[in-house]
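Engineer: Sending over structure39.csv (CSV, C-alpha atoms).
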chain,number,residue,atom,x,y,z
A,1,MET,CA,22.3,-34.1,-23.8
A,2,PHE,CA,21.8,-30.5,-22.5
A,3,GLN,CA,25.1,-30.2,-20.7
A,4,VAL,CA,27.0,-28.1,-23.3
A,5,PRO,CA,24.1,-25.8,-24.1
A,6,LEU,CA,23.5,-25.3,-20.4
A,7,ILE,CA,27.2,-24.3,-19.8
A,8,ILE,CA,27.0,-21.8,-22.7
A,9,LEU,CA,23.7,-20.4,-21.4
A,10,LEU,CA,25.1,-20.1,-17.9
A,11,GLY,CA,28.2,-18.4,-19.3
A,12,VAL,CA,26.1,-15.8,-21.2
A,13,GLY,CA,24.0,-15.3,-18.0
A,14,VAL,CA,27.2,-14.7,-16.0
A,15,LEU,CA,28.3,-12.0,-18.4
A,16,TRP,CA,24.9,-10.4,-18.7
A,17,LYS,CA,24.0,-10.3,-15.1
A,18,GLY,CA,27.6,-9.6,-14.1
A,19,ILE,CA,27.4,-6.3,-15.9
A,20,ASP,CA,24.1,-5.5,-14.2
A,21,LEU,CA,25.8,-6.3,-10.8
A,22,ALA,CA,28.7,-4.1,-11.6
A,23,ARG,CA,26.3,-1.2,-12.0
A,24,ALA,CA,24.3,-2.1,-8.9
A,25,PRO,CA,26.8,-3.9,-6.5
A,26,HIS,CA,24.4,-3.6,-3.5
A,27,ASP,CA,21.5,-5.4,-5.2
A,28,ARG,CA,21.2,-8.6,-3.0
A,29,VAL,CA,19.1,-10.5,-5.6
A,30,LEU,CA,21.6,-9.8,-8.3
A,31,ARG,CA,24.5,-10.9,-6.1
A,32,PHE,CA,22.9,-14.3,-5.4
A,33,LEU,CA,21.8,-14.7,-9.0
A,34,VAL,CA,25.4,-14.1,-10.3
A,35,ALA,CA,26.8,-16.4,-7.6
A,36,SER,CA,24.3,-19.1,-8.6
A,37,LEU,CA,25.1,-18.8,-12.3
A,38,VAL,CA,28.9,-19.0,-11.7
A,39,LEU,CA,28.6,-21.9,-9.3
A,40,LEU,CA,26.2,-23.9,-11.5
A,41,MET,CA,28.4,-23.3,-14.5
A,42,ALA,CA,31.5,-24.5,-12.6
A,43,GLY,CA,29.6,-27.5,-11.4
A,44,GLU,CA,28.5,-28.4,-14.9
A,45,ILE,CA,32.1,-28.2,-16.1
A,46,LEU,CA,33.2,-30.5,-13.3
A,47,SER,CA,30.4,-33.0,-14.1
A,48,PHE,CA,32.4,-34.0,-17.2
A,49,PRO,CA,34.2,-37.3,-16.4
A,50,GLU,CA,37.5,-35.9,-17.7
A,51,ALA,CA,37.3,-32.9,-15.3
A,52,ASN,CA,36.4,-35.1,-12.4
A,53,GLU,CA,39.2,-37.6,-13.1
A,54,SER,CA,41.7,-34.7,-13.4
A,55,ILE,CA,40.8,-33.5,-9.9
A,56,ASP,CA,41.2,-37.1,-8.6
A,57,THR,CA,44.5,-37.4,-10.3
A,58,ALA,CA,45.8,-34.1,-8.9
A,59,THR,CA,44.6,-34.7,-5.4
A,60,ALA,CA,43.0,-37.9,-4.2
A,61,VAL,CA,40.4,-40.3,-5.5
A,62,GLY,CA,36.9,-39.2,-4.5
A,63,LEU,CA,37.6,-35.4,-4.2
A,64,GLY,CA,36.3,-34.8,-7.8
A,65,LYS,CA,32.8,-36.0,-6.7
A,66,VAL,CA,33.0,-33.9,-3.6
A,67,ALA,CA,34.0,-30.8,-5.6
A,68,PHE,CA,31.3,-31.3,-8.1
A,69,ASN,CA,28.6,-31.7,-5.5
A,70,GLY,CA,29.9,-28.8,-3.5
A,71,LEU,CA,29.8,-26.4,-6.4
A,72,TYR,CA,26.5,-27.6,-7.8
A,73,MET,CA,24.8,-27.7,-4.4
A,74,SER,CA,26.1,-24.2,-3.6
A,75,GLY,CA,24.7,-23.0,-6.9
A,76,LEU,CA,21.3,-24.4,-6.1
A,77,PHE,CA,21.6,-22.9,-2.6
A,78,ALA,CA,22.2,-19.5,-4.2
A,79,LEU,CA,19.3,-20.1,-6.6
A,80,VAL,CA,16.9,-20.6,-3.7
A,81,LEU,CA,18.2,-17.4,-2.1
A,82,VAL,CA,17.6,-15.5,-5.3
A,83,PHE,CA,13.9,-16.1,-4.7
A,84,VAL,CA,14.2,-15.7,-0.9
A,85,SER,CA,15.9,-12.3,-1.4
A,86,ALA,CA,12.9,-10.9,-3.3
A,87,MET,CA,10.8,-11.5,-0.2
A,88,ARG,CA,9.5,-8.6,1.9
A,89,GLY,CA,10.6,-8.6,5.5
A,90,ALA,CA,14.2,-8.8,6.9
A,91,GLU,CA,13.3,-11.4,9.6
A,92,ALA,CA,11.8,-13.8,7.1
A,93,TYR,CA,14.8,-13.5,4.8
A,94,ARG,CA,17.2,-14.1,7.7
A,95,ARG,CA,15.2,-17.1,8.8
A,96,HIS,CA,15.3,-18.7,5.3
A,97,LEU,CA,19.0,-17.8,5.0
A,98,ARG,CA,19.8,-19.6,8.3
A,99,ILE,CA,17.8,-22.7,7.3
A,100,ASN,CA,19.3,-23.0,3.9
A,101,THR,CA,22.9,-22.4,5.1
A,102,GLY,CA,22.4,-25.1,7.7
A,103,LEU,CA,21.1,-27.6,5.2
A,104,LEU,CA,24.0,-26.9,2.8
A,105,VAL,CA,26.7,-27.1,5.4
A,106,GLY,CA,25.2,-30.2,6.9
A,107,THR,CA,24.9,-31.9,3.6
A,108,LEU,CA,28.5,-31.1,2.5
A,109,THR,CA,29.8,-32.2,5.8
A,110,ALA,CA,28.0,-35.5,5.5
A,111,LEU,CA,29.4,-36.0,2.0
A,112,VAL,CA,32.9,-35.4,3.1
A,113,LEU,CA,32.5,-37.8,6.1
A,114,ALA,CA,31.1,-40.4,3.8
A,115,VAL,CA,34.1,-40.2,1.5
A,116,ILE,CA,36.5,-40.4,4.4
A,117,ALA,CA,34.6,-43.5,5.7
A,118,THR,CA,34.8,-45.2,2.3
A,119,PRO,CA,37.8,-47.5,1.9
A,120,ALA,CA,40.4,-46.0,-0.3
A,121,GLY,CA,39.9,-48.7,-3.0
A,122,MET,CA,36.2,-47.9,-3.3
A,123,ARG,CA,36.3,-44.1,-3.5
A,124,GLY,CA,36.1,-44.0,-7.3
A,125,HIS,CA,32.5,-45.3,-7.0
A,126,SER,CA,29.6,-44.2,-9.2
A,127,LEU,CA,25.9,-44.8,-9.2
A,128,SER,CA,26.5,-48.1,-11.0
A,129,THR,CA,29.1,-49.3,-8.5
A,130,PRO,CA,28.7,-53.0,-7.3
A,131,ASP,CA,29.7,-51.7,-3.8
A,132,MET,CA,26.4,-49.8,-3.2
A,133,ALA,CA,25.7,-52.0,-0.1
A,134,HIS,CA,28.6,-50.3,1.7
A,135,PRO,CA,27.0,-47.8,4.2
A,136,ALA,CA,29.3,-44.9,3.4
A,137,ILE,CA,28.8,-45.2,-0.4
A,138,ALA,CA,25.0,-45.6,-0.1
A,139,SER,CA,24.8,-42.7,2.3
A,140,PHE,CA,26.8,-40.5,-0.1
A,141,TYR,CA,24.2,-40.9,-2.8
A,142,LEU,CA,21.2,-40.8,-0.5
A,143,VAL,CA,22.2,-37.7,1.4
A,144,GLY,CA,23.4,-35.9,-1.8
A,145,ASN,CA,20.2,-36.7,-3.7
A,146,ALA,CA,18.1,-35.7,-0.7
A,147,TYR,CA,19.6,-32.2,-0.9
A,148,PHE,CA,18.9,-32.1,-4.6
A,149,VAL,CA,15.3,-33.0,-4.0
A,150,TYR,CA,15.0,-30.2,-1.5
A,151,ALA,CA,16.9,-27.6,-3.6
A,152,TYR,CA,15.0,-28.4,-6.9
A,153,LEU,CA,11.6,-28.6,-5.2
A,154,ALA,CA,12.2,-25.4,-3.2
A,155,SER,CA,13.3,-23.5,-6.3
A,156,GLY,CA,10.4,-24.8,-8.3
A,157,LEU,CA,7.9,-23.8,-5.7
A,158,TRP,CA,9.3,-20.4,-5.4
A,159,ALA,CA,9.2,-20.0,-9.2
A,160,LEU,CA,5.5,-21.0,-9.1
A,161,HIS,CA,4.9,-18.5,-6.3
A,162,TYR,CA,6.4,-15.6,-8.3
A,163,ALA,CA,4.9,-16.8,-11.6
A,164,ARG,CA,1.5,-16.0,-10.2
A,165,ARG,CA,2.5,-12.4,-9.5
A,166,ALA,CA,4.6,-11.8,-12.6
A,167,SER,CA,3.6,-10.3,-16.0
A,168,ARG,CA,2.3,-12.8,-18.5
A,169,ASN,CA,5.5,-13.4,-20.4
A,170,LEU,CA,7.8,-13.6,-17.3
A,171,GLY,CA,5.2,-15.7,-15.5
A,172,LEU,CA,5.1,-18.2,-18.4
A,173,GLY,CA,8.9,-18.5,-18.3
A,174,LEU,CA,8.9,-19.0,-14.5
A,175,LEU,CA,6.1,-21.6,-14.8
A,176,THR,CA,8.0,-23.5,-17.5
A,177,MET,CA,11.2,-23.3,-15.4
A,178,ALA,CA,9.2,-24.6,-12.3
A,179,LEU,CA,7.9,-27.6,-14.3
A,180,GLY,CA,11.5,-28.5,-15.3
A,181,LEU,CA,12.7,-28.1,-11.7
A,182,ILE,CA,9.9,-30.3,-10.4
A,183,GLY,CA,10.9,-32.9,-13.1
A,184,LEU,CA,14.5,-32.7,-11.8
A,185,THR,CA,13.1,-33.3,-8.3
A,186,ILE,CA,11.4,-36.5,-9.4
A,187,THR,CA,14.6,-37.7,-11.0
A,188,SER,CA,16.5,-37.1,-7.8
A,189,VAL,CA,13.8,-39.1,-5.9
A,190,ASN,CA,14.2,-41.9,-8.5
A,191,ARG,CA,18.0,-42.0,-7.9
A,192,MET,CA,17.4,-42.4,-4.2
A,193,ILE,CA,15.0,-45.3,-5.0
A,194,LEU,CA,17.7,-46.8,-7.3
A,195,VAL,CA,20.3,-46.6,-4.6
A,196,ALA,CA,17.9,-48.5,-2.2
A,197,LEU,CA,17.3,-51.1,-4.9
A,198,ARG,CA,20.9,-51.6,-5.7
A,199,VAL,CA,21.9,-52.1,-2.0
A,200,ASP,CA,20.3,-55.6,-2.3
A,201,GLU,CA,20.9,-56.1,-6.0
A,202,PRO,CA,24.2,-54.4,-7.2
A,203,GLY,CA,24.0,-53.2,-10.8
A,204,SER,CA,20.3,-54.1,-11.1
A,205,HIS,CA,17.4,-52.1,-12.6
A,206,GLU,CA,19.6,-50.6,-15.4
A,207,ALA,CA,16.5,-49.9,-17.5
A,208,PHE,CA,15.1,-47.8,-14.7
A,209,ASN,CA,18.3,-45.9,-14.5
A,210,THR,CA,18.4,-45.3,-18.3
A,211,VAL,CA,14.8,-44.0,-18.3
A,212,ASN,CA,15.5,-41.8,-15.3
A,213,TRP,CA,18.6,-40.2,-17.0
A,214,SER,CA,16.4,-39.6,-20.1
A,215,LEU,CA,13.7,-38.0,-17.8
A,216,SER,CA,16.5,-35.9,-16.2
A,217,ASP,CA,17.6,-34.7,-19.7
A,218,TRP,CA,14.0,-33.7,-20.6
A,219,ALA,CA,13.4,-32.0,-17.3
A,220,MET,CA,16.7,-30.0,-17.7
A,221,GLY,CA,15.6,-29.1,-21.2
A,222,ILE,CA,12.2,-27.8,-20.0
A,223,ALA,CA,14.0,-25.8,-17.2
A,224,LEU,CA,16.3,-24.4,-19.9
A,225,ILE,CA,13.4,-23.4,-22.1
A,226,GLY,CA,11.8,-21.5,-19.1
A,227,ILE,CA,15.1,-19.8,-18.3
A,228,CYS,CA,15.7,-18.9,-22.0
A,229,TYR,CA,12.1,-17.6,-22.4
A,230,SER,CA,12.2,-15.4,-19.3
A,231,GLY,CA,15.7,-14.2,-20.1
A,232,GLY,CA,14.8,-13.6,-23.8
A,233,VAL,CA,11.6,-11.7,-22.9
A,234,GLN,CA,13.6,-9.5,-20.5
A,235,LEU,CA,16.3,-8.9,-23.1
A,236,ILE,CA,13.8,-8.0,-25.8
A,237,THR,CA,12.0,-5.7,-23.4
A,238,ARG,CA,15.2,-4.0,-22.5
A,239,LEU,CA,16.3,-3.6,-26.1
A,240,ARG,CA,13.0,-2.2,-27.1
A,241,SER,CA,13.2,0.2,-24.2
A,242,VAL,CA,16.7,1.3,-25.2
A,243,VAL,CA,15.7,1.8,-28.9
A,244,HIS,CA,12.6,3.7,-27.8
A,245,HIS,CA,14.4,6.0,-25.5
A,246,ARG,CA,17.3,6.4,-27.9
A,247,ARG,CA,14.9,7.6,-30.6
A,248,ARG,CA,13.1,10.0,-28.3
A,249,TYR,CA,16.4,11.3,-27.0
A,250,HIS,CA,17.5,12.2,-30.5
A,251,GLU,CA,14.1,13.7,-31.3
A,252,LEU,CA,14.6,16.2,-28.6
A,253,ALA,CA,17.9,17.3,-30.1
A,254,ALA,CA,16.7,20.4,-31.9
A,255,LEU,CA,15.0,21.9,-28.9
A,256,TRP,CA,17.7,20.9,-26.5
A,257,THR,CA,20.5,22.3,-28.7
A,258,ALA,CA,18.7,25.7,-29.1
A,259,LEU,CA,18.0,26.0,-25.4
A,260,THR,CA,21.3,24.8,-24.1
A,261,ALA,CA,23.1,27.1,-26.5
A,262,ALA,CA,21.3,30.0,-24.8
A,263,TYR,CA,21.6,28.5,-21.3
A,264,PRO,CA,24.7,26.3,-21.3
A,265,GLU,CA,24.6,26.1,-17.5
A,266,LEU,CA,21.6,23.8,-17.7
A,267,VAL,CA,23.9,21.0,-18.7
A,268,LEU,CA,25.8,19.6,-15.8
A,269,ASN,CA,29.1,18.1,-16.7
A,270,ARG,CA,30.2,15.0,-14.9
A,271,PRO,CA,33.8,14.5,-13.8
A,272,PRO,CA,35.8,12.0,-15.9
A,273,ASP,CA,35.7,8.4,-14.6
A,274,ARG,CA,39.1,7.4,-13.3
A,275,SER,CA,39.0,3.7,-14.3
A,276,ARG,CA,37.3,1.3,-16.7
A,277,TRP,CA,35.5,-0.3,-13.7
A,278,GLN,CA,33.9,3.1,-12.8
A,279,ARG,CA,33.0,3.7,-16.5
A,280,LEU,CA,31.3,0.3,-16.5
A,281,ARG,CA,29.4,1.1,-13.3
A,282,ARG,CA,28.5,4.6,-14.2
A,283,ARG,CA,27.8,4.3,-17.9
A,284,ARG,CA,24.5,6.1,-18.7
A,285,ALA,CA,21.8,4.1,-20.3
A,286,TYR,CA,19.7,5.8,-22.9
A,287,GLU,CA,16.7,5.9,-20.6
A,288,ARG,CA,18.6,8.1,-18.1
A,289,ARG,CA,20.1,10.2,-20.9
A,290,PHE,CA,16.6,10.8,-22.4
A,291,TYR,CA,15.1,11.8,-19.1
A,292,ARG,CA,18.0,14.1,-18.3
A,293,ARG,CA,17.6,15.8,-21.7
A,294,LEU,CA,13.8,16.1,-21.1
A,295,ILE,CA,14.4,17.8,-17.8
A,296,GLU,CA,17.0,20.2,-19.3
A,297,CYS,CA,14.6,21.1,-22.1
A,298,ARG,CA,11.8,21.8,-19.6
A,299,ASP,CA,14.2,23.9,-17.5
A,300,GLY,CA,15.3,25.8,-20.6
A,301,LEU,CA,11.7,26.7,-21.5
A,302,VAL,CA,11.1,28.0,-18.0
A,303,ARG,CA,14.2,30.2,-18.3
A,304,LEU,CA,13.1,31.4,-21.8
A,305,SER,CA,9.4,31.9,-20.9
A,306,PRO,CA,9.8,35.6,-19.9
A,307,TYR,CA,11.1,36.4,-23.3
A,308,LEU,CA,8.3,34.3,-24.9
A,309,THR,CA,5.7,36.5,-23.2
A,310,ARG,CA,7.4,39.6,-24.6
A,311,VAL,CA,7.5,38.4,-28.2
A,312,ALA,CA,4.0,36.9,-28.0
A,313,PRO,CA,2.0,38.6,-25.2
A,314,ASP,CA,-1.3,37.4,-26.5
A,315,ALA,CA,-0.4,33.9,-27.5
A,316,ASP,CA,-1.5,30.8,-25.7
A,317,LEU,CA,2.0,29.5,-24.8
A,318,ALA,CA,0.6,26.6,-22.7
A,319,ARG,CA,-1.7,25.1,-25.3
A,320,GLY,CA,-0.7,26.7,-28.6
A,321,PRO,CA,0.2,24.8,-31.7
A,322,ALA,CA,3.8,23.5,-31.8
A,323,ASP,CA,4.7,25.2,-35.1
A,324,GLN,CA,3.5,28.6,-33.8
A,325,LEU,CA,5.3,28.1,-30.5
A,326,ALA,CA,8.5,27.1,-32.4
A,327,GLN,CA,8.4,30.5,-34.2
A,328,HIS,CA,8.0,32.3,-30.8
A,329,ILE,CA,11.0,30.4,-29.4
A,330,ASN,CA,13.2,31.5,-32.3
A,331,GLU,CA,12.1,35.1,-31.8
A,332,ALA,CA,12.6,34.9,-28.0
A,333,LEU,CA,16.1,33.5,-28.4
A,334,ALA,CA,16.9,36.4,-30.7
A,335,LEU,CA,15.5,38.8,-28.1
A,336,LYS,CA,17.4,37.3,-25.2
A,337,PRO,CA,20.6,39.2,-24.4
A,338,ALA,CA,23.8,37.3,-24.4
A,339,ALA,CA,24.4,38.2,-20.7
A,340,GLU,CA,21.4,38.7,-18.5
A,341,SER,CA,21.5,41.1,-15.6
A,342,PRO,CA,21.2,39.2,-12.2
A,343,HIS,CA,19.1,42.1,-10.9
A,344,THR,CA,16.4,41.8,-13.7
A,345,GLU,CA,13.2,40.4,-12.4
A,346,LEU,CA,11.7,37.9,-14.9
A,347,SER,CA,8.3,36.2,-14.5
A,348,ALA,CA,8.1,32.6,-15.7
A,349,ALA,CA,5.1,31.4,-17.7
A,350,LEU,CA,3.7,28.0,-18.5
A,351,VAL,CA,5.0,26.8,-21.9
A,352,ALA,CA,3.9,23.7,-23.9
A,353,SER,CA,1.8,22.2,-21.2
A,354,PRO,CA,0.7,18.6,-21.9
A,355,ALA,CA,-3.0,17.7,-21.8
A,356,ALA,CA,-2.3,14.8,-19.5
A,357,ASN,CA,-0.4,15.0,-16.2
A,358,ASP,CA,2.3,12.4,-16.8
A,359,LEU,CA,5.9,12.2,-18.0
A,360,GLY,CA,5.0,10.5,-21.3
A,361,ALA,CA,2.6,13.3,-22.3
A,362,ASP,CA,5.2,15.9,-21.3
A,363,ALA,CA,7.8,14.1,-23.5
A,364,ASP,CA,5.3,14.0,-26.4
A,365,GLU,CA,4.6,17.7,-26.1
A,366,LEU,CA,8.3,18.6,-26.1
A,367,ILE,CA,9.2,16.2,-28.9
A,368,ALA,CA,6.4,17.8,-31.1
A,369,LEU,CA,7.9,21.2,-30.3
A,370,SER,CA,11.4,19.9,-31.2
A,371,HIS,CA,10.2,18.6,-34.5
A,372,ALA,CA,8.5,21.9,-35.3
A,373,LEU,CA,11.7,23.8,-34.3
A,374,ARG,CA,13.9,21.6,-36.5
A,375,GLU,CA,11.6,22.2,-39.5
A,376,ARG,CA,11.8,25.9,-39.1
A,377,THR,CA,15.6,25.9,-38.7
A,378,SER,CA,16.3,23.4,-41.5
What does the file become when written as structure tokens?
Structural biologist:
Amino acid sequence: MFQVPLIILLGVGVLWKGIDLARAPHDRVLRFLVASLVLLMAGEILSFPEANESIDTATAVGLGKVAFNGLYMSGLFALVLVFVSAMRGAEAYRRHLRINTGLLVGTLTALVLAVIATPAGMRGHSLSTPDMAHPAIASFYLVGNAYFVYAYLASGLWALHYARRASRNLGLGLLTMALGLIGLTITSVNRMILVALRVDEPGSHEAFNTVNWSLSDWAMGIALIGICYSGGVQLITRLRSVVHHRRRYHELAALWTALTAAYPELVLNRPPDRSRWQRLRRRRAYERRFYRRLIECRDGLVRLSPYLTRVAPDADLARGPADQLAQHINEALALKPAAESPHTELSAALVASPAANDLGADADELIALSHALRERTS
């Protein structure tokens, strides 16, 4: 029911977080997150009967199930490590890494041995097989679902843990995701119970199996809602931040243009990127461009301040009105010589000082000054 939407969602997540990883390749949480998304997406694709049968046809019967379980379990392993990687303390991280790696390797080894121990004619089995009493077949499903129980439950508990510490929107998404993962845990337990029941009565309790698959679909849907909500909130927050900083970046244009025309050395030119990969990794976000322009405007005012004190010796340059200060800036720029003597001693003065001592207040002050300067030059 949710298989195709899940594959699409995972694909979008791979592209989105893959770009973030390209910009921050040393981010351990991002590395595990992208690996988890890729592996889970590949596992979901292999869960289609046609894909599974193609692998069996190209290799040997039974390898399709092993490949699916290997990819999907590895994706859940990486998902657990996404949460583990956010922990503080290197020793705790290494301990969890060793435990989870051991569980995954042990489970996959047991599944491979179970397939090898299964007679060749029975390796195309499924959960509905009449041969569930065979020890190798029963152990395949019991061991596999035992790992799913652990991985879903561990991920759900970690999600609950971080939901309590996260912001309201992110916490709600993590809580919803955790409920879905706990639901998937229950369905994995139910499949283990079904295997035990079908050892004695092959093909029995079909109604129980049908209800469990329905519960699995609903649990996956709830987990999807949580993932979409958290991802959507993060995306909207990022877009709002980009729009906000982009607008403020352009609002500083008038002041920045005037000051950098007088002091072009304030703008540091970057060497051209040599490849598309480097351009992807080094592409400046509008947040960084805005703060860079803000710093360059502040540096320009410091450089211009000695001339401001000359054209307006009695003015309050630190707290004066923006429109009056804009007039003084135009006069100071006209007074400034094209080439300044390096031996001339100039004393800097405080210009356009914000009332509050924070970066936002400083930006507001310089943007107001930039608006006033644009009105005077337009």
Engineer: At a cut-off of 8 Å, using only C-alpha atoms, what residues contact Leu373 in chain A? Leave out same-chain residues fewer than 4 positions from it and give the result as a list in words.
Structural biologist: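 With the cut-off at 8 Å, the set is Ala254, Leu255, Asp323, Ala326, Gln327, Leu369 and Thr377 of chain A.
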Engineer: Using only C-alpha atoms, which residue out of A:Tyr307, A:Tyr141, A:Phe68, A:Tyr150 lies closest to Asn100 in chain A?
Structural biologist: A:Tyr150
Engineer: Using Å and a single decimal, report how far CA of Ala219 in chain A sits from CA of Gly183 in chain A.
Structural biologist: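 Answer for the CA of Gly183 in chain A to CA of Ala219 in chain A separation: 5.0 Å.
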Engineer: So what do you get for CA of Leu30 in chain A versus CA of Ala86 in chain A, distance-wise?
Structural biologist: 10.1 Å
Engineer: Can you tell me how far CA of Gly75 in chain A sits from CA of Asp217 in chain A, in Å to one decimal?
Structural biologist: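 Separating CA of Gly75 in chain A from CA of Asp217 in chain A is a distance of 18.7 Å.
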Engineer: So that I can see what lies close to Ala154 in chain A, please list as number ranges by chain the residues with an atom at most 12 Å from it, counting all atoms listed in the file and leaving out residues fewer than 6 positions away in the same chain.
Structural biologist: A: 76-84, 96, 100, 147-148, 160-161, 178, 181-182, 184-185
Engineer: Would you kindly return, as a list of chain:residue names, each protein, DNA or RNA residue with an atom no farther than 12 Å from any atom of Gln324 in chain A, considering all atoms listed in the file and excluding same-chain residues fewer than 2 positions away?
Structural biologist: A:Leu308, A:Val311, A:Ala312, A:Ala315, A:Asp316, A:Leu317, A:Ala318, A:Arg319, A:Gly320, A:Pro321, A:Ala322, A:Ala326, A:Gln327, A:His328, A:Ile329, A:Asn330, A:Glu331, A:Ala352, A:Ala368, A:Leu369, A:Ala372, A:Leu373, A:Glu375, A:Arg376
Engineer: If we count all atoms listed in the file and set the cut-off at 12 Å, which residues sit around Leu113 in chain A, ignoring sequence neighbours fewer than 5 positions away in its own chain? Please answer as an NGL selection string.
Structural biologist: :A and (62-63 or 66 or 106-108 or 118-119 or 135-137 or 139-140 or 143)
Engineer: Centre and edge lengths of an axis-aligned box around all listed atoms of range 145-155 of chain A, with 8 Å added on each side, are to be given in Å to one decimal, as lines of an AutoDock Vina configuration file.
Structural biologist:
center_x = 15.9
center_y = -30.1
center_z = -3.8
size_x = 24.6
size_y = 29.2
size_z = 22.2
Engineer: From the options A:Lys65, A:His205, A:Arg123, A:His250, which residue's atoms come nearest to Ile193 in chain A, counting all atoms listed in the file?
Structural biologist: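 Checking each candidate against Ile193 in chain A, we get A:His205 as the closest.
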Engineer: Can you list, as a PyMOL selection string, every protein, DNA or RNA residue that comes within 9 Å of Val195 in chain A when you count all atoms listed in the file, leaving out same-chain residues fewer than 5 positions away?
Structural biologist: chain A and resi 127+132-133+138+141-142+190
Engineer: With distances taken over all atoms listed in the file, which residue among A:His26, A:Gly89, A:Leu301, A:Ala42 lies nearest Ala67 in chain A?
Structural biologist: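 With all atoms listed in the file as the atom set, the closest residue is A:Ala42.
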Engineer: Rank nothing, just name the residue among A:Ala24, A:Leu304, A:Val38, A:Val12 nearest to Ala349 in chain A, using all atoms listed in the file.
Structural biologist: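 The answer is A:Leu304, which sits nearest to Ala349 in chain A.
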